[in-house]
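S.K.: Dumping the structure here so I can ask a few things about it.
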Amino acid sequence: MALRARLLGALFLCSGVLAALQGCVGDDPGTAPVVAPEAGTQAAGELGQPCRSDGTCSDPLVCDRGICLAPSDASAKDATVIDGTVKFNPATLPLTGWWRAGYSASPWVGEVGGDLAEGASPPAAGAAVNGLTPAEFDGVDDQLSTSADWSSYVSGTAGTVLVLFRAESAAAVGTDNYDDPSLVSDTSYGFNLGFSEGGLGVAFYDTDWRQPARVPCTAGAWHLAKVRWDGASLEYGVDRNPMTRVTTGPLSSVATTKLRIGAVLISKQGYFHGKMLEVMLAKSVLSDGDISNVRSYCNGRYGLAL
């Protein structure tokens, strides 16, 4: 009995000491409660995270399009940036022509392939998209072109055309795809990538006039138009959607025409009315992975979700 009483007394004594200690900790006004960081929060101003509200980052990082990057990454050719690291740079592609925002006025200075110019009716600089100005075509007579032949950019047996565009209005569906206001075309009837109420349409000449069915595409939104051919087939589509394939022969008349942007191929449906942020051309067949990377690059650079 005496032993049991001593053990109970010791237990009560320990409990009292613990309570006193807890009371001291809780009563100390200089001790702040420990709060676990909220899951998913990001430290603004740190590498790969959003810039601070005043547009700054921790040294030596720089704020580039709203993200804190190392100076070497920020000076890269506007590649896709993931977690502060450059993952894809379009300059690594075998591009023969590349024009991108910000556009200010004619000429549209090319990263590759010379400048696009128009003396009489060039497009204006449109409202900035993620801080970068597109070329804005008025749908009346705005266009751009180069002095170089179409064959400088593509061949009859290999070519890729990619255009990041937003149509502000859509022309009525014409009799032919050649009627559609052009995003990219030559100066004859050898190739036309156009847009109308019927969607995105492509027309080309191999041994005959070819005008496959248009694919759905709406005005008032940004889209990535994509076309590629290899002399035996041609594929075309929009955004992340699968491309439609048609059997062809080599495209004819490539060597005898010029490149035009936003023009009208046949004076029926008018000129393209809308904006362009990117035009890319290659004298090769870019892979699915290449085109997917370009789409990711466009999403990252312009804040889109194509």
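A note on labels: chains of the structure tokens are A, B, ... as shown, every chain counts residues from 1, and ligands are counted from 1 in their shown order.
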Please return, as a list in words, all residues of region 68-185 of chain A that DSSP assigns to helix (DSSP H, G or I) on the basis of the backbone.
M.R.: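 So, restricting region 68-185 of chain A to helix (DSSP H, G or I), we get Pro71, Ser72, Asp73, Ala74, Pro90, Ala91, Thr92, Trp150, Ser151, Ser152, Asn177, Tyr178 and Asp179 of chain A.
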S.K.: Report as CSV the residues of region 213-234 of chain A within 12 Å of region 180-189 of chain A, each with its shortest atom pair and distance in Å (one decimal), using only C-alpha atoms, ordered by chain and increasing residue number.
M.R.:
residue,atom,partner,partner_atom,distance
A:Arg214,CA,A:Asp180,CA,10.5
A:His223,CA,A:Leu183,CA,11.9
A:Leu224,CA,A:Leu183,CA,11.3
A:Ala225,CA,A:Leu183,CA,9.2
A:Lys226,CA,A:Val184,CA,11.0
A:Val227,CA,A:Val184,CA,10.6
S.K.: Which distance in Å separates CA of Val202 (chain A) and CA of Ile291 (chain A), to one decimal?
M.R.: 17.9 Å
S.K.: Would you mind listing what lies within 10 Å of Asp208 (chain A) as an NGL selection string, with only C-alpha atoms counted and same-chain residues fewer than 3 positions away left out?
M.R.: :A and (190 or 204-205 or 211 or 248-249 or 251-252)
S.K.: Restricted to N, CA, C and O atoms, what would the selected residues look like written as a PDB file, in the first residue's frame?
M.R.:
ATOM      1  N   GLY A 190      -0.482  27.808-106.487  1.00  0.00           N
ATOM      2  CA  GLY A 190       0.229  26.623-106.058  1.00  0.00           C
ATOM      3  C   GLY A 190      -0.058  26.229-104.623  1.00  0.00           C
ATOM      4  O   GLY A 190      -0.033  25.045-104.282  1.00  0.00           O
ATOM      5  N   PHE A 204      -3.976  23.465-102.960  1.00  0.00           N
ATOM      6  CA  PHE A 204      -2.649  23.328-103.556  1.00  0.00           C
ATOM      7  C   PHE A 204      -2.787  22.674-104.931  1.00  0.00           C
ATOM      8  O   PHE A 204      -3.836  22.126-105.283  1.00  0.00           O
ATOM      9  N   TYR A 205      -1.718  22.729-105.683  1.00  0.00           N
ATOM     10  CA  TYR A 205      -1.710  22.136-107.018  1.00  0.00           C
ATOM     11  C   TYR A 205      -0.557  21.143-107.096  1.00  0.00           C
ATOM     12  O   TYR A 205       0.591  21.470-106.805  1.00  0.00           O
ATOM     13  N   GLN A 211      -8.384  20.629-103.294  1.00  0.00           N
ATOM     14  CA  GLN A 211      -9.032  21.433-102.260  1.00  0.00           C
ATOM     15  C   GLN A 211      -9.758  20.517-101.274  1.00  0.00           C
ATOM     16  O   GLN A 211     -10.978  20.363-101.341  1.00  0.00           O
ATOM     17  N   THR A 248      -1.222  13.009-102.157  1.00  0.00           N
ATOM     18  CA  THR A 248      -0.862  14.014-103.156  1.00  0.00           C
ATOM     19  C   THR A 248       0.322  13.540-103.977  1.00  0.00           C
ATOM     20  O   THR A 248       0.965  12.523-103.669  1.00  0.00           O
ATOM     21  N   GLY A 249       0.658  14.342-104.967  1.00  0.00           N
ATOM     22  CA  GLY A 249       1.946  14.274-105.617  1.00  0.00           C
ATOM     23  C   GLY A 249       2.757  15.469-105.151  1.00  0.00           C
ATOM     24  O   GLY A 249       2.290  16.261-104.322  1.00  0.00           O
ATOM     25  N   LEU A 251       4.110  19.156-104.851  1.00  0.00           N
ATOM     26  CA  LEU A 251       3.490  20.439-105.169  1.00  0.00           C
ATOM     27  C   LEU A 251       4.220  21.077-106.342  1.00  0.00           C
ATOM     28  O   LEU A 251       5.459  21.128-106.367  1.00  0.00           O
ATOM     29  N   SER A 252       3.444  21.558-107.311  1.00  0.00           N
ATOM     30  CA  SER A 252       4.025  22.165-108.507  1.00  0.00           C
ATOM     31  C   SER A 252       4.137  23.680-108.345  1.00  0.00           C
ATOM     32  O   SER A 252       3.596  24.270-107.417  1.00  0.00           O
TER      33      SER A 252
END
S.K.: Using only C-alpha atoms, which of A:Gly126, A:Gly289, A:Gly303, A:Gly231 sits nearest Val154 (chain A)?
M.R.: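 Under the stated criterion, the closest residue is A:Gly231.
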S.K.: Kindly indicate which residue among A:Asn130, A:Ser151, A:Ser121, A:Thr160 lies nearest to Ala282 (chain A), using only C-alpha atoms for the distances.
M.R.: A:Thr160
S.K.: If I take CA of Ser147 (chain A) and CA of Pro94 (chain A), how far is one from the other in Å, to one decimal?
M.R.: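 About the pair CA of Ser147 (chain A) and CA of Pro94 (chain A): they are 20.9 Å apart.
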S.K.: By how many Å are CA of Asp176 (chain A) and CA of Gly159 (chain A) apart?
M.R.: 22.6 Å
S.K.: As number ranges by chain, which residues of region 40-228 of chain A does DSSP assign to strand (DSSP E)?
M.R.: A: 62-64, 67-69, 80-82, 85-88, 95-100, 124-125, 135-138, 144-149, 159-167, 182-185, 191-196, 199-205, 209-210, 222-228
S.K.: Env of Arg100 (chain A): 9 Å cut, atoms = only C-alpha atoms, seq-sep filter 3 positions within chain, self excluded. Answer as an NGL selection string.
M.R.: :A and (103 or 108-111 or 134-135 or 276-280)
S.K.: Please list as a PDB file with all heavy atoms, in the first residue's frame every residue within 12 Å of Gly114 (chain A), counting only C-alpha atoms and excluding residues in the same chain fewer than 4 positions away.
M.R.:
ATOM      1  N   LEU A  95      14.233  25.753 -89.470  1.00  0.00           N
ATOM      2  CA  LEU A  95      13.311  26.714 -90.061  1.00  0.00           C
ATOM      3  C   LEU A  95      13.997  27.493 -91.187  1.00  0.00           C
ATOM      4  O   LEU A  95      15.148  27.900 -91.064  1.00  0.00           O
ATOM      5  CB  LEU A  95      12.801  27.690 -89.000  1.00  0.00           C
ATOM      6  CG  LEU A  95      12.010  27.083 -87.839  1.00  0.00           C
ATOM      7  CD1 LEU A  95      11.634  28.158 -86.833  1.00  0.00           C
ATOM      8  CD2 LEU A  95      10.765  26.350 -88.340  1.00  0.00           C
ATOM      9  N   THR A  96      13.257  27.720 -92.260  1.00  0.00           N
ATOM     10  CA  THR A  96      13.734  28.555 -93.361  1.00  0.00           C
ATOM     11  C   THR A  96      13.118  29.947 -93.303  1.00  0.00           C
ATOM     12  O   THR A  96      13.612  30.877 -93.950  1.00  0.00           O
ATOM     13  CB  THR A  96      13.387  27.902 -94.707  1.00  0.00           C
ATOM     14  OG1 THR A  96      11.987  27.553 -94.712  1.00  0.00           O
ATOM     15  CG2 THR A  96      14.205  26.632 -94.921  1.00  0.00           C
ATOM     16  N   GLY A  97      12.044  30.094 -92.540  1.00  0.00           N
ATOM     17  CA  GLY A  97      11.407  31.394 -92.320  1.00  0.00           C
ATOM     18  C   GLY A  97      10.780  31.425 -90.941  1.00  0.00           C
ATOM     19  O   GLY A  97      10.152  30.438 -90.526  1.00  0.00           O
ATOM     20  N   TRP A  98      10.983  32.538 -90.201  1.00  0.00           N
ATOM     21  CA  TRP A  98      10.404  32.643 -88.851  1.00  0.00           C
ATOM     22  C   TRP A  98      10.197  34.112 -88.529  1.00  0.00           C
ATOM     23  O   TRP A  98      11.146  34.890 -88.458  1.00  0.00           O
ATOM     24  CB  TRP A  98      11.329  31.984 -87.835  1.00  0.00           C
ATOM     25  CG  TRP A  98      10.822  32.008 -86.423  1.00  0.00           C
ATOM     26  CD1 TRP A  98       9.541  32.234 -85.998  1.00  0.00           C
ATOM     27  CD2 TRP A  98      11.595  31.794 -85.235  1.00  0.00           C
ATOM     28  NE1 TRP A  98       9.466  32.170 -84.624  1.00  0.00           N
ATOM     29  CE2 TRP A  98      10.705  31.901 -84.139  1.00  0.00           C
ATOM     30  CE3 TRP A  98      12.942  31.524 -84.993  1.00  0.00           C
ATOM     31  CZ2 TRP A  98      11.139  31.752 -82.813  1.00  0.00           C
ATOM     32  CZ3 TRP A  98      13.364  31.376 -83.684  1.00  0.00           C
ATOM     33  CH2 TRP A  98      12.464  31.478 -82.609  1.00  0.00           C
ATOM     34  N   TRP A  99       8.929  34.471 -88.335  1.00  0.00           N
ATOM     35  CA  TRP A  99       8.556  35.824 -87.941  1.00  0.00           C
ATOM     36  C   TRP A  99       7.663  35.730 -86.718  1.00  0.00           C
ATOM     37  O   TRP A  99       6.761  34.897 -86.660  1.00  0.00           O
ATOM     38  CB  TRP A  99       7.827  36.522 -89.083  1.00  0.00           C
ATOM     39  CG  TRP A  99       8.671  36.615 -90.312  1.00  0.00           C
ATOM     40  CD1 TRP A  99       9.512  37.616 -90.676  1.00  0.00           C
ATOM     41  CD2 TRP A  99       8.764  35.633 -91.372  1.00  0.00           C
ATOM     42  NE1 TRP A  99      10.134  37.342 -91.870  1.00  0.00           N
ATOM     43  CE2 TRP A  99       9.692  36.126 -92.318  1.00  0.00           C
ATOM     44  CE3 TRP A  99       8.170  34.385 -91.588  1.00  0.00           C
ATOM     45  CZ2 TRP A  99      10.030  35.424 -93.472  1.00  0.00           C
ATOM     46  CZ3 TRP A  99       8.501  33.687 -92.736  1.00  0.00           C
ATOM     47  CH2 TRP A  99       9.422  34.207 -93.673  1.00  0.00           C
ATOM     48  N   PRO A 107       9.011  46.814 -91.973  1.00  0.00           N
ATOM     49  CA  PRO A 107       8.970  45.372 -92.209  1.00  0.00           C
ATOM     50  C   PRO A 107       8.873  44.569 -90.906  1.00  0.00           C
ATOM     51  O   PRO A 107       9.296  45.036 -89.855  1.00  0.00           O
ATOM     52  CB  PRO A 107      10.297  45.105 -92.899  1.00  0.00           C
ATOM     53  CG  PRO A 107      11.228  46.114 -92.289  1.00  0.00           C
ATOM     54  CD  PRO A 107      10.393  47.346 -92.114  1.00  0.00           C
ATOM     55  N   TRP A 108       8.304  43.370 -91.039  1.00  0.00           N
ATOM     56  CA  TRP A 108       8.294  42.421 -89.931  1.00  0.00           C
ATOM     57  C   TRP A 108       9.634  41.701 -89.990  1.00  0.00           C
ATOM     58  O   TRP A 108       9.877  40.869 -90.852  1.00  0.00           O
ATOM     59  CB  TRP A 108       7.140  41.440 -90.094  1.00  0.00           C
ATOM     60  CG  TRP A 108       6.827  40.642 -88.854  1.00  0.00           C
ATOM     61  CD1 TRP A 108       7.535  40.628 -87.687  1.00  0.00           C
ATOM     62  CD2 TRP A 108       5.733  39.742 -88.664  1.00  0.00           C
ATOM     63  NE1 TRP A 108       6.948  39.779 -86.771  1.00  0.00           N
ATOM     64  CE2 TRP A 108       5.847  39.225 -87.344  1.00  0.00           C
ATOM     65  CE3 TRP A 108       4.677  39.325 -89.465  1.00  0.00           C
ATOM     66  CZ2 TRP A 108       4.943  38.301 -86.823  1.00  0.00           C
ATOM     67  CZ3 TRP A 108       3.771  38.405 -88.962  1.00  0.00           C
ATOM     68  CH2 TRP A 108       3.897  37.901 -87.653  1.00  0.00           C
ATOM     69  N   VAL A 109      10.520  42.069 -89.083  1.00  0.00           N
ATOM     70  CA  VAL A 109      11.888  41.564 -89.118  1.00  0.00           C
ATOM     71  C   VAL A 109      11.898  40.075 -88.800  1.00  0.00           C
ATOM     72  O   VAL A 109      11.312  39.638 -87.803  1.00  0.00           O
ATOM     73  CB  VAL A 109      12.774  42.335 -88.121  1.00  0.00           C
ATOM     74  CG1 VAL A 109      14.196  41.776 -88.124  1.00  0.00           C
ATOM     75  CG2 VAL A 109      12.788  43.822 -88.482  1.00  0.00           C
ATOM     76  N   GLY A 110      12.549  39.316 -89.653  1.00  0.00           N
ATOM     77  CA  GLY A 110      12.551  37.869 -89.481  1.00  0.00           C
ATOM     78  C   GLY A 110      13.686  37.377 -88.608  1.00  0.00           C
ATOM     79  O   GLY A 110      14.799  37.902 -88.665  1.00  0.00           O
ATOM     80  N   SER A 145       4.909  40.566 -97.725  1.00  0.00           N
ATOM     81  CA  SER A 145       5.510  39.628 -98.676  1.00  0.00           C
ATOM     82  C   SER A 145       7.026  39.753 -98.598  1.00  0.00           C
ATOM     83  O   SER A 145       7.568  40.641 -97.929  1.00  0.00           O
ATOM     84  CB  SER A 145       5.024  39.921-100.101  1.00  0.00           C
ATOM     85  OG  SER A 145       5.406  41.239-100.494  1.00  0.00           O
ATOM     86  N   THR A 146       7.705  38.859 -99.299  1.00  0.00           N
ATOM     87  CA  THR A 146       9.159  38.921 -99.393  1.00  0.00           C
ATOM     88  C   THR A 146       9.553  38.953-100.858  1.00  0.00           C
ATOM     89  O   THR A 146       8.768  38.603-101.747  1.00  0.00           O
ATOM     90  CB  THR A 146       9.825  37.699 -98.739  1.00  0.00           C
ATOM     91  OG1 THR A 146       9.557  36.544 -99.540  1.00  0.00           O
ATOM     92  CG2 THR A 146       9.327  37.485 -97.326  1.00  0.00           C
ATOM     93  N   SER A 147      10.780  39.360-101.080  1.00  0.00           N
ATOM     94  CA  SER A 147      11.301  39.333-102.448  1.00  0.00           C
ATOM     95  C   SER A 147      11.824  37.954-102.806  1.00  0.00           C
ATOM     96  O   SER A 147      12.078  37.660-103.975  1.00  0.00           O
ATOM     97  CB  SER A 147      12.425  40.365-102.597  1.00  0.00           C
ATOM     98  OG  SER A 147      13.465  40.107-101.670  1.00  0.00           O
ATOM     99  N   ALA A 148      11.980  37.105-101.807  1.00  0.00           N
ATOM    100  CA  ALA A 148      12.500  35.755-102.042  1.00  0.00           C
ATOM    101  C   ALA A 148      11.429  34.857-102.654  1.00  0.00           C
ATOM    102  O   ALA A 148      10.228  35.028-102.404  1.00  0.00           O
ATOM    103  CB  ALA A 148      12.991  35.151-100.728  1.00  0.00           C
ATOM    104  N   ASP A 149      11.863  33.905-103.445  1.00  0.00           N
ATOM    105  CA  ASP A 149      10.937  32.938-104.025  1.00  0.00           C
ATOM    106  C   ASP A 149      10.357  32.031-102.934  1.00  0.00           C
ATOM    107  O   ASP A 149      10.986  31.784-101.910  1.00  0.00           O
ATOM    108  CB  ASP A 149      11.646  32.058-105.067  1.00  0.00           C
ATOM    109  CG  ASP A 149      11.977  32.824-106.343  1.00  0.00           C
ATOM    110  OD1 ASP A 149      11.348  33.872-106.581  1.00  0.00           O
ATOM    111  OD2 ASP A 149      12.870  32.373-107.084  1.00  0.00           O
ATOM    112  N   SER A 152      12.464  29.312-101.666  1.00  0.00           N
ATOM    113  CA  SER A 152      13.479  29.544-100.642  1.00  0.00           C
ATOM    114  C   SER A 152      13.052  28.965 -99.302  1.00  0.00           C
ATOM    115  O   SER A 152      13.888  28.729 -98.431  1.00  0.00           O
ATOM    116  CB  SER A 152      13.735  31.047-100.471  1.00  0.00           C
ATOM    117  OG  SER A 152      14.224  31.621-101.661  1.00  0.00           O
ATOM    118  N   TYR A 153      11.746  28.772 -99.138  1.00  0.00           N
ATOM    119  CA  TYR A 153      11.192  28.371 -97.851  1.00  0.00           C
ATOM    120  C   TYR A 153      10.677  26.938 -97.821  1.00  0.00           C
ATOM    121  O   TYR A 153      10.709  26.279 -96.774  1.00  0.00           O
ATOM    122  CB  TYR A 153      10.054  29.323 -97.463  1.00  0.00           C
ATOM    123  CG  TYR A 153      10.491  30.761 -97.442  1.00  0.00           C
ATOM    124  CD1 TYR A 153      10.154  31.627 -98.473  1.00  0.00           C
ATOM    125  CD2 TYR A 153      11.259  31.258 -96.396  1.00  0.00           C
ATOM    126  CE1 TYR A 153      10.558  32.955 -98.451  1.00  0.00           C
ATOM    127  CE2 TYR A 153      11.673  32.577 -96.368  1.00  0.00           C
ATOM    128  CZ  TYR A 153      11.325  33.425 -97.403  1.00  0.00           C
ATOM    129  OH  TYR A 153      11.734  34.744 -97.380  1.00  0.00           O
ATOM    130  N   LEU A 259       6.360  34.405-101.693  1.00  0.00           N
ATOM    131  CA  LEU A 259       5.644  34.210-100.436  1.00  0.00           C
ATOM    132  C   LEU A 259       4.824  35.451-100.104  1.00  0.00           C
ATOM    133  O   LEU A 259       5.313  36.578-100.192  1.00  0.00           O
ATOM    134  CB  LEU A 259       6.644  33.946 -99.313  1.00  0.00           C
ATOM    135  CG  LEU A 259       6.117  34.021 -97.870  1.00  0.00           C
ATOM    136  CD1 LEU A 259       5.114  32.902 -97.602  1.00  0.00           C
ATOM    137  CD2 LEU A 259       7.274  33.950 -96.885  1.00  0.00           C
ATOM    138  N   LEU A 281       8.164  28.587 -91.240  1.00  0.00           N
ATOM    139  CA  LEU A 281       8.238  27.802 -92.464  1.00  0.00           C
ATOM    140  C   LEU A 281       9.471  26.910 -92.408  1.00  0.00           C
ATOM    141  O   LEU A 281      10.507  27.293 -91.838  1.00  0.00           O
ATOM    142  CB  LEU A 281       8.343  28.714 -93.692  1.00  0.00           C
ATOM    143  CG  LEU A 281       7.261  29.788 -93.860  1.00  0.00           C
ATOM    144  CD1 LEU A 281       7.599  30.672 -95.057  1.00  0.00           C
ATOM    145  CD2 LEU A 281       5.893  29.154 -94.037  1.00  0.00           C
TER     146      LEU A 281
END
